[in-house]
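This is input.cif. It holds mmCIF, C-alpha atoms and all ligand atoms.
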```cif
data_final
loop_
_atom_site.label_atom_id
_atom_site.label_comp_id
_atom_site.auth_asym_id
_atom_site.auth_seq_id
_atom_site.Cartn_x
_atom_site.Cartn_y
_atom_site.Cartn_z
CA MET A 1 179.99 -56.16 -24.75
CA ARG A 2 177.43 -57.37 -27.30
CA THR A 3 173.69 -56.97 -27.68
CA THR A 4 170.95 -56.98 -30.31
CA VAL A 5 169.85 -53.36 -29.80
CA GLY A 6 172.18 -50.75 -28.35
CA ILE A 7 170.09 -47.91 -26.92
CA ILE A 8 171.72 -44.55 -26.22
CA GLY A 9 169.86 -42.48 -23.62
CA ALA A 10 167.53 -43.31 -20.73
CA GLY A 11 164.90 -40.64 -21.22
CA PRO A 12 161.35 -41.79 -21.92
CA ALA A 13 162.28 -42.91 -25.47
CA GLY A 14 165.21 -45.16 -24.49
CA LEU A 15 163.55 -46.54 -21.37
CA LEU A 16 160.27 -47.41 -23.05
CA LEU A 17 162.09 -48.95 -26.02
CA ALA A 18 164.08 -51.22 -23.70
CA ARG A 19 160.82 -52.31 -22.06
CA LEU A 20 159.02 -52.98 -25.37
CA LEU A 21 161.97 -55.01 -26.67
CA HIS A 22 162.21 -56.97 -23.41
CA ASN A 23 158.51 -57.85 -23.71
CA ALA A 24 159.13 -59.02 -27.29
CA GLY A 25 162.04 -61.22 -26.19
CA ILE A 26 164.70 -59.01 -27.84
CA ASP A 27 167.75 -58.09 -25.77
CA SER A 28 169.13 -54.58 -25.43
CA VAL A 29 171.62 -52.51 -23.44
CA VAL A 30 170.85 -48.93 -22.40
CA LEU A 31 173.70 -46.41 -21.98
CA GLU A 32 172.86 -43.22 -20.07
CA SER A 33 175.42 -40.48 -19.50
CA ARG A 34 173.79 -39.02 -16.35
CA ASP A 35 173.23 -40.65 -12.98
CA ARG A 36 169.89 -42.11 -11.93
CA ALA A 37 168.95 -39.30 -9.54
CA TYR A 38 169.45 -36.68 -12.26
CA VAL A 39 167.25 -38.55 -14.75
CA GLU A 40 164.54 -39.01 -12.11
CA ARG A 41 164.52 -35.34 -11.10
CA ARG A 42 164.44 -33.62 -14.50
CA GLN A 43 161.24 -31.55 -14.82
CA ARG A 44 159.41 -31.94 -18.12
CA ALA A 45 155.82 -31.74 -19.37
CA GLY A 46 153.19 -34.03 -17.97
CA ILE A 47 150.45 -34.77 -20.48
CA LEU A 48 150.07 -38.31 -21.84
CA GLU A 49 147.96 -38.79 -24.94
CA GLN A 50 145.39 -41.58 -24.97
CA GLY A 51 147.70 -43.68 -27.19
CA THR A 52 150.66 -43.18 -24.82
CA VAL A 53 148.54 -44.28 -21.87
CA ASP A 54 147.48 -47.39 -23.79
CA VAL A 55 151.10 -48.23 -24.73
CA LEU A 56 152.37 -47.84 -21.14
CA ARG A 57 149.55 -50.03 -19.83
CA ALA A 58 150.13 -52.73 -22.47
CA ALA A 59 153.87 -52.65 -21.67
CA GLY A 60 153.11 -53.39 -18.01
CA ALA A 61 154.26 -49.93 -16.94
CA GLY A 62 150.89 -48.36 -16.18
CA GLU A 63 150.16 -49.47 -12.65
CA ARG A 64 151.18 -46.32 -10.74
CA MET A 65 150.02 -44.10 -13.62
CA ASP A 66 146.53 -45.59 -13.28
CA ARG A 67 146.60 -45.05 -9.52
CA GLU A 68 148.08 -41.55 -9.36
CA GLY A 69 147.53 -40.05 -12.81
CA LEU A 70 144.61 -37.68 -13.36
CA ARG A 71 142.36 -38.32 -16.33
CA HIS A 72 141.43 -35.07 -18.10
CA ASP A 73 138.51 -34.81 -20.48
CA GLY A 74 139.19 -31.29 -21.69
CA ILE A 75 141.12 -28.04 -21.52
CA GLU A 76 140.08 -24.45 -21.12
CA LEU A 77 141.06 -21.71 -23.57
CA ARG A 78 141.12 -18.25 -22.07
CA PHE A 79 141.20 -15.04 -24.11
CA ASP A 80 139.70 -11.58 -23.91
CA ARG A 81 138.67 -12.43 -20.30
CA ARG A 82 136.45 -15.20 -21.78
CA ARG A 83 136.60 -18.90 -20.96
CA HIS A 84 135.93 -21.68 -23.43
CA ARG A 85 136.11 -25.39 -22.59
CA VAL A 86 137.08 -27.96 -25.23
CA ASP A 87 135.44 -31.31 -24.46
CA PHE A 88 137.73 -34.08 -25.77
CA PRO A 89 135.59 -37.22 -25.48
CA ALA A 90 132.58 -35.48 -27.06
CA LEU A 91 134.67 -34.32 -30.02
CA THR A 92 136.89 -37.37 -30.58
CA GLY A 93 134.63 -40.35 -29.95
CA GLY A 94 135.71 -40.85 -26.36
CA LYS A 95 139.42 -39.93 -26.18
CA SER A 96 140.96 -38.16 -23.19
CA VAL A 97 144.48 -37.44 -21.85
CA MET A 98 146.27 -38.26 -18.59
CA VAL A 99 148.13 -35.81 -16.38
CA TYR A 100 151.11 -37.81 -15.13
CA ALA A 101 154.57 -36.23 -15.07
CA GLN A 102 157.32 -37.42 -17.38
CA THR A 103 159.64 -37.81 -14.38
CA GLU A 104 157.18 -40.31 -12.91
CA VAL A 105 156.99 -42.23 -16.20
CA CYS A 106 160.81 -42.41 -16.17
CA LYS A 107 160.94 -43.55 -12.53
CA ASP A 108 158.45 -46.35 -13.25
CA LEU A 109 160.33 -47.51 -16.36
CA ILE A 110 163.73 -47.40 -14.62
CA ALA A 111 162.43 -49.51 -11.71
CA LEU A 112 160.99 -52.08 -14.13
CA GLN A 113 164.14 -52.20 -16.23
CA LEU A 114 166.43 -52.69 -13.24
CA LYS A 115 164.16 -55.42 -11.87
CA GLU A 116 163.29 -57.37 -15.01
CA GLY A 117 165.09 -55.99 -18.05
CA GLY A 118 168.54 -56.01 -19.61
CA PRO A 119 171.49 -53.85 -18.56
CA LEU A 120 170.81 -50.16 -17.93
CA LEU A 121 174.11 -48.39 -17.30
CA PHE A 122 174.07 -44.96 -15.70
CA GLU A 123 177.07 -42.63 -16.02
CA ALA A 124 177.86 -44.40 -19.29
CA GLU A 125 178.45 -41.75 -21.92
CA ALA A 126 178.25 -42.71 -25.59
CA LEU A 127 181.16 -41.07 -27.42
CA ALA A 128 180.31 -42.08 -30.99
CA VAL A 129 178.32 -44.49 -33.14
CA GLU A 130 180.52 -46.28 -35.66
CA GLY A 131 179.71 -48.47 -38.66
CA ALA A 132 176.09 -47.33 -38.89
CA ASP A 133 175.97 -48.34 -42.54
CA THR A 134 177.47 -51.81 -41.93
CA ASP A 135 175.88 -54.96 -40.47
CA HIS A 136 177.81 -54.44 -37.24
CA PRO A 137 177.24 -50.99 -35.80
CA ARG A 138 179.09 -50.17 -32.57
CA VAL A 139 178.76 -47.62 -29.81
CA ARG A 140 181.98 -46.38 -28.25
CA PHE A 141 181.31 -45.29 -24.68
CA ARG A 142 182.99 -44.35 -21.41
CA HIS A 143 181.91 -46.00 -18.15
CA GLU A 144 183.63 -45.89 -14.74
CA GLY A 145 186.64 -44.12 -16.17
CA ALA A 146 187.32 -46.64 -18.95
CA GLU A 147 186.44 -46.70 -22.63
CA ASP A 148 184.50 -49.67 -23.96
CA VAL A 149 182.67 -50.75 -27.11
CA LEU A 150 179.10 -52.05 -27.39
CA GLU A 151 178.72 -54.28 -30.46
CA CYS A 152 175.14 -54.31 -31.78
CA ASP A 153 172.88 -55.46 -34.57
CA TYR A 154 171.03 -52.14 -34.35
CA VAL A 155 171.67 -48.86 -32.57
CA VAL A 156 168.82 -46.57 -31.53
CA GLY A 157 169.80 -43.00 -30.67
CA CYS A 158 167.41 -41.92 -27.91
CA ASP A 159 169.94 -39.41 -26.64
CA GLY A 160 167.93 -36.22 -26.96
CA PHE A 161 168.68 -33.05 -28.87
CA TRP A 162 172.29 -32.74 -27.58
CA GLY A 163 173.23 -36.38 -28.09
CA VAL A 164 175.88 -37.94 -30.34
CA ALA A 165 173.86 -40.45 -32.40
CA ARG A 166 172.62 -37.91 -34.95
CA GLN A 167 176.22 -36.94 -35.71
CA ALA A 168 176.85 -40.41 -37.18
CA ILE A 169 174.59 -39.57 -40.13
CA PRO A 170 176.72 -38.03 -42.91
CA ALA A 171 175.95 -34.33 -43.34
CA GLY A 172 175.38 -34.86 -47.05
CA LEU A 173 172.44 -37.18 -46.28
CA SER A 174 170.84 -34.99 -43.60
CA ARG A 175 168.30 -32.22 -43.87
CA THR A 176 167.20 -30.17 -40.91
CA PHE A 177 164.19 -27.92 -40.52
CA GLU A 178 164.16 -25.43 -37.71
CA ARG A 179 162.42 -22.49 -36.09
CA THR A 180 163.36 -20.79 -32.87
CA TYR A 181 160.90 -18.55 -31.08
CA PRO A 182 161.78 -15.19 -29.54
CA PHE A 183 160.29 -16.24 -26.20
CA GLY A 184 160.50 -18.99 -23.60
CA TRP A 185 158.47 -20.28 -20.67
CA LEU A 186 159.16 -19.41 -17.07
CA GLY A 187 157.83 -22.51 -15.27
CA ILE A 188 157.11 -22.88 -11.57
CA LEU A 189 156.06 -25.68 -9.28
CA ALA A 190 153.98 -24.51 -6.31
CA ASP A 191 152.65 -26.33 -3.28
CA VAL A 192 149.05 -25.33 -3.77
CA ALA A 193 145.97 -27.09 -5.12
CA PRO A 194 145.42 -26.29 -8.82
CA SER A 195 143.06 -23.34 -9.27
CA HIS A 196 141.12 -25.21 -11.93
CA ASP A 197 140.43 -28.90 -12.42
CA GLU A 198 141.62 -28.86 -16.04
CA LEU A 199 144.53 -27.16 -17.84
CA VAL A 200 144.02 -23.52 -18.80
CA TYR A 201 145.76 -22.08 -21.88
CA ALA A 202 145.54 -18.29 -21.75
CA ARG A 203 146.21 -15.79 -24.54
CA HIS A 204 146.78 -12.27 -23.23
CA ASP A 205 148.18 -9.02 -24.64
CA ARG A 206 150.97 -9.34 -22.04
CA GLY A 207 151.79 -12.86 -23.25
CA PHE A 208 150.78 -16.49 -22.86
CA ALA A 209 150.15 -18.27 -19.54
CA LEU A 210 149.41 -21.91 -18.74
CA LEU A 211 147.91 -23.48 -15.67
CA SER A 212 148.81 -27.14 -15.27
CA MET A 213 149.30 -29.49 -12.33
CA ARG A 214 151.30 -32.40 -11.02
CA SER A 215 148.85 -33.69 -8.40
CA PRO A 216 145.77 -32.53 -6.47
CA SER A 217 148.12 -30.53 -4.21
CA VAL A 218 150.86 -29.35 -6.62
CA SER A 219 150.36 -26.71 -9.34
CA ARG A 220 152.58 -26.29 -12.39
CA LEU A 221 152.29 -22.84 -13.98
CA TYR A 222 154.02 -21.14 -16.88
CA LEU A 223 154.46 -17.57 -18.14
CA GLN A 224 155.69 -16.52 -21.56
CA VAL A 225 158.91 -14.51 -21.03
CA PRO A 226 161.63 -13.16 -23.36
CA ALA A 227 163.94 -15.96 -24.59
CA ASP A 228 167.02 -14.90 -22.58
CA THR A 229 165.24 -14.50 -19.22
CA ASP A 230 166.99 -15.55 -16.00
CA ALA A 231 164.39 -17.32 -13.84
CA GLU A 232 165.86 -15.80 -10.67
CA SER A 233 165.18 -12.28 -11.96
CA TRP A 234 161.47 -12.86 -11.25
CA SER A 235 160.44 -12.64 -7.59
CA ASP A 236 157.66 -14.94 -6.36
CA GLU A 237 155.39 -11.93 -5.90
CA GLU A 238 156.02 -10.73 -9.48
CA ILE A 239 155.26 -14.20 -10.84
CA TRP A 240 151.93 -14.50 -9.01
CA ALA A 241 150.89 -10.96 -9.94
CA GLU A 242 151.68 -11.57 -13.62
CA LEU A 243 149.86 -14.93 -13.62
CA GLU A 244 146.82 -13.24 -12.08
CA ARG A 245 146.77 -10.60 -14.81
CA ARG A 246 147.07 -13.07 -17.66
CA PHE A 247 144.45 -15.49 -16.30
CA GLU A 248 141.96 -12.74 -15.46
CA THR A 249 138.34 -13.52 -16.40
CA ALA A 250 135.08 -11.60 -16.50
CA ASP A 251 133.62 -13.89 -13.82
CA ASP A 252 134.75 -14.53 -10.24
CA TRP A 253 137.53 -17.10 -10.98
CA THR A 254 140.55 -16.64 -8.73
CA LEU A 255 144.13 -17.92 -8.76
CA ARG A 256 145.30 -19.70 -5.62
CA ARG A 257 148.80 -18.84 -4.45
CA GLY A 258 151.25 -21.05 -2.55
CA PRO A 259 154.96 -21.53 -1.87
CA ILE A 260 157.01 -21.77 -5.08
CA THR A 261 159.36 -24.76 -4.86
CA GLN A 262 161.02 -24.61 -8.28
CA LYS A 263 161.61 -22.03 -11.04
CA SER A 264 163.19 -22.48 -14.46
CA VAL A 265 163.08 -21.15 -18.02
CA THR A 266 162.47 -23.45 -21.01
CA PRO A 267 163.51 -22.33 -24.49
CA MET A 268 161.09 -22.85 -27.38
CA ARG A 269 162.17 -24.48 -30.61
CA SER A 270 160.77 -26.50 -33.51
CA TYR A 271 163.31 -28.86 -35.13
CA VAL A 272 163.17 -31.92 -37.38
CA HIS A 273 166.06 -34.00 -38.69
CA GLU A 274 165.42 -36.05 -41.81
CA PRO A 275 165.86 -38.94 -42.30
CA MET A 276 165.40 -40.63 -38.92
CA ARG A 277 167.44 -43.65 -40.00
CA HIS A 278 170.83 -44.30 -41.56
CA GLY A 279 171.66 -47.97 -42.18
CA ARG A 280 171.34 -49.72 -38.82
CA LEU A 281 171.20 -46.50 -36.81
CA PHE A 282 167.72 -45.24 -35.91
CA LEU A 283 166.90 -41.94 -34.19
CA ALA A 284 163.97 -41.65 -31.79
CA GLY A 285 162.47 -38.85 -29.71
CA ASP A 286 164.25 -35.54 -29.13
CA ALA A 287 167.35 -36.89 -30.93
CA ALA A 288 165.38 -36.44 -34.17
CA HIS A 289 162.84 -33.72 -33.42
CA ILE A 290 161.88 -30.99 -30.98
CA VAL A 291 158.51 -29.30 -30.56
CA PRO A 292 157.75 -26.19 -28.52
CA PRO A 293 156.00 -27.30 -25.29
CA THR A 294 152.59 -25.79 -26.12
CA GLY A 295 150.38 -28.87 -26.36
CA ALA A 296 152.94 -31.17 -24.68
CA LYS A 297 153.74 -33.36 -27.68
CA GLY A 298 157.43 -34.12 -26.95
CA LEU A 299 157.07 -37.25 -24.84
CA ASN A 300 154.17 -38.54 -26.91
CA LEU A 301 156.19 -38.27 -30.12
CA ALA A 302 159.06 -40.17 -28.53
CA VAL A 303 156.63 -42.94 -27.57
CA GLY A 304 155.32 -43.16 -31.14
CA ASP A 305 158.86 -43.51 -32.52
CA VAL A 306 159.91 -46.34 -30.23
CA VAL A 307 156.62 -48.20 -30.70
CA THR A 308 157.22 -47.99 -34.46
CA PHE A 309 160.79 -49.30 -34.08
CA ALA A 310 159.85 -52.15 -31.72
CA ARG A 311 157.05 -53.19 -34.05
CA ALA A 312 159.36 -53.11 -37.08
CA LEU A 313 162.08 -55.16 -35.42
CA THR A 314 159.59 -57.70 -34.07
CA HIS A 315 158.18 -58.01 -37.59
CA ARG A 316 161.66 -58.72 -38.87
CA GLU A 317 162.33 -61.35 -36.19
CA GLU A 318 159.03 -63.06 -37.01
CA THR A 319 159.03 -62.86 -40.81
CA GLY A 320 162.61 -62.09 -41.85
CA SER A 321 161.31 -59.03 -43.71
CA ASP A 322 163.02 -55.64 -43.41
CA GLY A 323 159.96 -53.89 -44.83
CA LEU A 324 158.87 -52.10 -41.67
CA LEU A 325 162.43 -51.18 -40.66
CA ASP A 326 162.95 -49.68 -44.11
CA ALA A 327 159.72 -47.69 -43.68
CA TYR A 328 160.69 -46.48 -40.14
CA SER A 329 161.76 -42.96 -41.05
CA ALA A 330 158.84 -42.21 -43.36
CA THR A 331 156.33 -43.76 -40.92
CA CYS A 332 157.59 -41.69 -37.99
CA LEU A 333 158.05 -38.45 -39.93
CA ARG A 334 154.47 -38.35 -41.10
CA ARG A 335 153.27 -38.25 -37.50
CA VAL A 336 156.15 -36.01 -36.42
CA TRP A 337 155.15 -33.34 -38.93
CA GLN A 338 151.52 -33.46 -37.79
CA ALA A 339 152.71 -32.87 -34.22
CA GLU A 340 155.06 -30.11 -35.43
CA ARG A 341 152.15 -28.43 -37.19
CA PHE A 342 149.88 -28.80 -34.17
CA SER A 343 152.51 -27.43 -31.74
CA TYR A 344 153.34 -24.55 -34.08
CA ASP A 345 149.63 -23.67 -34.44
CA MET A 346 149.08 -23.74 -30.67
CA THR A 347 152.23 -21.70 -30.07
CA THR A 348 151.50 -19.00 -32.64
CA MET A 349 147.83 -18.77 -31.67
CA LEU A 350 148.56 -18.20 -27.98
CA HIS A 351 151.90 -16.37 -27.65
CA ARG A 352 152.51 -12.70 -28.28
CA ALA A 353 155.61 -12.18 -30.43
CA PRO A 354 157.72 -9.16 -29.43
CA ASP A 355 157.09 -7.61 -32.85
CA ALA A 356 153.36 -8.46 -32.95
CA THR A 357 151.22 -5.84 -34.68
CA PRO A 358 147.60 -4.99 -33.84
CA PHE A 359 146.69 -6.99 -36.95
CA ASP A 360 148.44 -10.08 -35.53
CA ASP A 361 146.54 -9.63 -32.25
CA ARG A 362 143.18 -9.50 -34.02
CA ILE A 363 144.04 -12.61 -36.08
CA GLN A 364 144.89 -14.53 -32.88
CA LEU A 365 141.61 -13.49 -31.30
CA ALA A 366 139.74 -14.46 -34.48
CA ARG A 367 141.38 -17.92 -34.40
CA LEU A 368 140.32 -18.37 -30.79
CA ASP A 369 136.81 -17.06 -31.47
CA ARG A 370 136.55 -19.53 -34.36
CA LEU A 371 137.52 -22.38 -32.02
CA ALA A 372 134.89 -21.26 -29.55
CA SER A 373 132.13 -21.11 -32.16
CA SER A 374 132.80 -23.92 -34.64
CA ARG A 375 132.57 -27.59 -33.79
CA ALA A 376 134.75 -28.37 -36.83
CA ALA A 377 137.55 -26.08 -35.63
CA GLU A 378 137.26 -27.40 -32.10
CA THR A 379 137.34 -31.01 -33.30
CA ASP A 380 140.61 -30.32 -35.11
CA LEU A 381 142.18 -29.07 -31.87
CA ALA A 382 140.75 -31.96 -29.82
CA GLU A 383 142.07 -34.56 -32.29
CA GLY A 384 145.52 -32.98 -32.28
CA TYR A 385 145.64 -32.64 -28.50
CA THR A 386 144.55 -36.20 -27.73
CA GLY A 387 147.01 -37.50 -30.33
CA PHE A 388 147.57 -38.62 -33.89
CA PRO A 389 147.65 -42.38 -34.55
CA VAL A 390 150.99 -44.22 -34.59
CA GLY A 391 151.99 -45.92 -37.83
N1 LIG B 1 175.42 -40.92 -24.01
C1 LIG B 1 174.46 -41.44 -23.21
N2 LIG B 1 173.31 -40.79 -22.91
C2 LIG B 1 173.14 -39.57 -23.42
C3 LIG B 1 174.07 -38.96 -24.27
C4 LIG B 1 175.27 -39.68 -24.56
N3 LIG B 1 176.21 -39.18 -25.34
N4 LIG B 1 173.62 -37.74 -24.63
C5 LIG B 1 172.42 -37.59 -24.03
N5 LIG B 1 172.12 -38.69 -23.29
C6 LIG B 1 170.92 -38.93 -22.48
C7 LIG B 1 170.44 -37.74 -21.68
O1 LIG B 1 171.13 -37.62 -20.44
C8 LIG B 1 168.98 -38.08 -21.47
O2 LIG B 1 168.76 -38.82 -20.29
O3 LIG B 1 169.85 -39.21 -23.34
C9 LIG B 1 168.62 -38.94 -22.67
C10 LIG B 1 167.66 -38.25 -23.61
O4 LIG B 1 166.43 -38.11 -22.96
P1 LIG B 1 165.38 -36.94 -23.27
O5 LIG B 1 166.09 -35.66 -23.48
O6 LIG B 1 164.35 -37.02 -22.21
O7 LIG B 1 164.77 -37.35 -24.71
P2 LIG B 1 163.69 -38.44 -25.13
O8 LIG B 1 163.85 -39.71 -24.38
O9 LIG B 1 163.72 -38.44 -26.61
O10 LIG B 1 162.32 -37.88 -24.62
C11 LIG B 1 161.62 -36.86 -25.23
O11 LIG B 1 161.94 -35.38 -23.44
O12 LIG B 1 162.81 -33.27 -23.89
C12 LIG B 1 161.71 -33.98 -23.50
O13 LIG B 1 159.87 -32.74 -24.13
C13 LIG B 1 160.68 -33.79 -24.50
O14 LIG B 1 159.05 -35.00 -23.45
C14 LIG B 1 160.00 -35.09 -24.47
C15 LIG B 1 160.97 -36.10 -24.13
C1 LIG B 2 153.07 -29.38 -17.99
O1 LIG B 2 152.27 -29.77 -17.14
O2 LIG B 2 154.27 -29.27 -17.74
C2 LIG B 2 152.58 -29.01 -19.34
C3 LIG B 2 151.24 -29.20 -19.66
C4 LIG B 2 150.77 -28.85 -20.90
C5 LIG B 2 151.62 -28.29 -21.83
C6 LIG B 2 152.96 -28.12 -21.54
C7 LIG B 2 153.44 -28.46 -20.28
O3 LIG B 2 151.12 -27.93 -23.04
#
```
Please re-express this file's structure in structure tokens.
Amino acid sequence: MRTTVGIIGAGPAGLLLARLLHNAGIDSVVLESRDRAYVERRQRAGILEQGTVDVLRAAGAGERMDREGLRHDGIELRFDRRRHRVDFPALTGGKSVMVYAQTEVCKDLIALQLKEGGPLLFEAEALAVEGADTDHPRVRFRHEGAEDVLECDYVVGCDGFWGVARQAIPAGLSRTFERTYPFGWLGILADVAPSHDELVYARHDRGFALLSMRSPSVSRLYLQVPADTDAESWSDEEIWAELERRFETADDWTLRRGPITQKSVTPMRSYVHEPMRHGRLFLAGDAAHIVPPTGAKGLNLAVGDVVTFARALTHREETGSDGLLDAYSATCLRRVWQAERFSYDMTTMLHRAPDATPFDDRIQLARLDRLASSRAAETDLAEGYTGFPVG
């Protein structure tokens, strides 16, 4: 098998890249180790930055998003039983975000790819990337019980944190930067209308809580829990009672309860691999970097990476210049580190570390009080939340 761009992984990064290349007249093959149903069921965050919305629309993948997605013009911060709304358009010159689940983005991109795009092989596991520093990189993979080789001009590793692409970069050329957090998120889906029309990020002495949603009739809620928590050790009643405590306000706001249809625990980690390119191998999305979910930057970062790659390769096809491909890693990393900083700030401002001291608590409250009283501080959060520019 031969193609111009071999793409490993059919998460949002790999799927959107295949679509962008198709639209630019560049052929690709996508290899995905899981089956289609698995990829379409995986629960992930659901906030699309303004720039991500614009990219999906321009790529011809925004039709259902525009019909079913919910435009959000702000979030609420909750602390000390107080409520403070951050108004995005007012602070950013008109930007907002879209609530539309990552699984839905993936479903839309898979349908488009199978209908109009190049090959997308499910249950095709990449085993290794070879010859990354030559003109003829290859992906060895296993599909339907047999081993095969995909010959490429370029390989893009969109295979997530546990993928194989990153391993093809010699250890001596790699640097990694990492932080793990001593807590995770217990996330639930519940068949009940969201108790607020915008997302609520709550800081509480018992730990962080987040109110999000998937649709006007489905709520997505999270509780900070110790890192090694088993989701099944929390009964539905315990989850609702704890959410109620952490979202408590001084006014008459109430939390609506409903049947819980899904429960799981997400670990929290910050991770960056530098560089994001080695020869003709490029890393994009979770293959190169992880952010903790506070602020929902993961998908949006992946989108920025593949837009940068598609732009760089198109530039090369049109002008013969490798300039933008050579700049790929530095271009992406600048934005990646801004998102890392933003996600780290949100995480440390809102979560209670197990060893937090009363001093730490007061500093968190002072940071939140500053946000609630300074337009400059609030603007910084609004700019970060609605997204940093690509490129
Ligand atoms: N061969 C083929 N496919 C693989 C391999 C392999 N060896 N290893 C992993 N994959 C696939 C996974 O099954 C998955 O479908 O690569 C895909 C990677 O997708 P994601 O993990 O969704 O990563 P990415 O596309 O970079 O999207 C980033 O995902 O983790 C969330 O919060 C994160 O929203 C962000 C988004
Ligand atoms: C989600 O809806 O899953 C979500 C929303 C906002 C976040 C993280 C997750 O910051």
Within 6 Å of ligand LIG 1 (chain B) (all atoms listed in the file), residues as a compact mmCIF listing (two decimals) with C-alpha atoms, keeping the file's coordinate frame:
```txt
# COMPACT_ATOMS: atom_id res chain seq x y z
CA ILE A 8 171.72 -44.55 -26.22
CA GLY A 9 169.86 -42.48 -23.62
CA ALA A 10 167.53 -43.31 -20.73
CA GLY A 11 164.90 -40.64 -21.22
CA PRO A 12 161.35 -41.79 -21.92
CA ALA A 13 162.28 -42.91 -25.47
CA GLY A 14 165.21 -45.16 -24.49
CA LEU A 31 173.70 -46.41 -21.98
CA GLU A 32 172.86 -43.22 -20.07
CA SER A 33 175.42 -40.48 -19.50
CA ARG A 34 173.79 -39.02 -16.35
CA VAL A 39 167.25 -38.55 -14.75
CA ALA A 124 177.86 -44.40 -19.29
CA GLU A 125 178.45 -41.75 -21.92
CA ALA A 126 178.25 -42.71 -25.59
CA LEU A 127 181.16 -41.07 -27.42
CA CYS A 158 167.41 -41.92 -27.91
CA ASP A 159 169.94 -39.41 -26.64
CA GLY A 160 167.93 -36.22 -26.96
CA TRP A 162 172.29 -32.74 -27.58
CA GLY A 163 173.23 -36.38 -28.09
CA VAL A 164 175.88 -37.94 -30.34
CA GLY A 285 162.47 -38.85 -29.71
CA ASP A 286 164.25 -35.54 -29.13
CA ALA A 287 167.35 -36.89 -30.93
CA GLY A 298 157.43 -34.12 -26.95
CA LEU A 299 157.07 -37.25 -24.84
CA ALA A 302 159.06 -40.17 -28.53
```
Record the distance separating CA of Asn300 in chain A and CA of Gly384 in chain A, expressed in Å with one decimal. 11.6 Å
Could the residues of range 103-209 of chain A that have an atom at most 12 Å from range 55-59 of chain A be listed as a Markdown table, each with its closest atom pair and the distance in Å to one decimal, counting only C-alpha atoms and ordered by chain and ascending residue number?
```
| residue | atom | partner | partner_atom | distance |
| --- | --- | --- | --- | --- |
| A:Val105 | CA | A:Leu56 | CA | 8.8 |
| A:Cys106 | CA | A:Leu56 | CA | 11.2 |
| A:Asp108 | CA | A:Leu56 | CA | 10.1 |
| A:Leu109 | CA | A:Leu56 | CA | 9.3 |
| A:Leu112 | CA | A:Ala59 | CA | 10.4 |
| A:Gln113 | CA | A:Ala59 | CA | 11.6 |
```
Take the residues from that selection and put them in a file with C-alpha atoms, as a compact mmCIF listing (two decimals), in the coordinates of the input.
```txt
# COMPACT_ATOMS: atom_id res chain seq x y z
CA VAL A 105 156.99 -42.23 -16.20
CA CYS A 106 160.81 -42.41 -16.17
CA ASP A 108 158.45 -46.35 -13.25
CA LEU A 109 160.33 -47.51 -16.36
CA LEU A 112 160.99 -52.08 -14.13
CA GLN A 113 164.14 -52.20 -16.23
```
Would you mind listing the residues within 10 Å of ligand LIG 2 (chain B), counting all atoms listed in the file, as a PyMOL selection string? chain A and resi 43-48+75+99-102+185+187-189+199-201+210-214+219-222+292-298+343+346-347+385
Write the residues you've just listed into a file as a JSON list (two decimals), in the coordinates of the input, and include C-alpha atoms for each of them.
```
[["chain", "number", "residue", "atom", "x", "y", "z"],
["A", 43, "GLN", "CA", 161.24, -31.55, -14.82],
["A", 44, "ARG", "CA", 159.41, -31.94, -18.12],
["A", 45, "ALA", "CA", 155.82, -31.74, -19.37],
["A", 46, "GLY", "CA", 153.19, -34.03, -17.97],
["A", 47, "ILE", "CA", 150.45, -34.77, -20.48],
["A", 48, "LEU", "CA", 150.07, -38.31, -21.84],
["A", 75, "ILE", "CA", 141.12, -28.04, -21.52],
["A", 99, "VAL", "CA", 148.13, -35.81, -16.38],
["A", 100, "TYR", "CA", 151.11, -37.81, -15.13],
["A", 101, "ALA", "CA", 154.57, -36.23, -15.07],
["A", 102, "GLN", "CA", 157.32, -37.42, -17.38],
["A", 185, "TRP", "CA", 158.47, -20.28, -20.67],
["A", 187, "GLY", "CA", 157.83, -22.51, -15.27],
["A", 188, "ILE", "CA", 157.11, -22.88, -11.57],
["A", 189, "LEU", "CA", 156.06, -25.68, -9.28],
["A", 199, "LEU", "CA", 144.53, -27.16, -17.84],
["A", 200, "VAL", "CA", 144.02, -23.52, -18.80],
["A", 201, "TYR", "CA", 145.76, -22.08, -21.88],
["A", 210, "LEU", "CA", 149.41, -21.91, -18.74],
["A", 211, "LEU", "CA", 147.91, -23.48, -15.67],
["A", 212, "SER", "CA", 148.81, -27.14, -15.27],
["A", 213, "MET", "CA", 149.30, -29.49, -12.33],
["A", 214, "ARG", "CA", 151.30, -32.40, -11.02],
["A", 219, "SER", "CA", 150.36, -26.71, -9.34],
["A", 220, "ARG", "CA", 152.58, -26.29, -12.39],
["A", 221, "LEU", "CA", 152.29, -22.84, -13.98],
["A", 222, "TYR", "CA", 154.02, -21.14, -16.88],
["A", 292, "PRO", "CA", 157.75, -26.19, -28.52],
["A", 293, "PRO", "CA", 156.00, -27.30, -25.29],
["A", 294, "THR", "CA", 152.59, -25.79, -26.12],
["A", 295, "GLY", "CA", 150.38, -28.87, -26.36],
["A", 296, "ALA", "CA", 152.94, -31.17, -24.68],
["A", 297, "LYS", "CA", 153.74, -33.36, -27.68],
["A", 298, "GLY", "CA", 157.43, -34.12, -26.95],
["A", 343, "SER", "CA", 152.51, -27.43, -31.74],
["A", 346, "MET", "CA", 149.08, -23.74, -30.67],
["A", 347, "THR", "CA", 152.23, -21.70, -30.07],
["A", 385, "TYR", "CA", 145.64, -32.64, -28.50]]
```
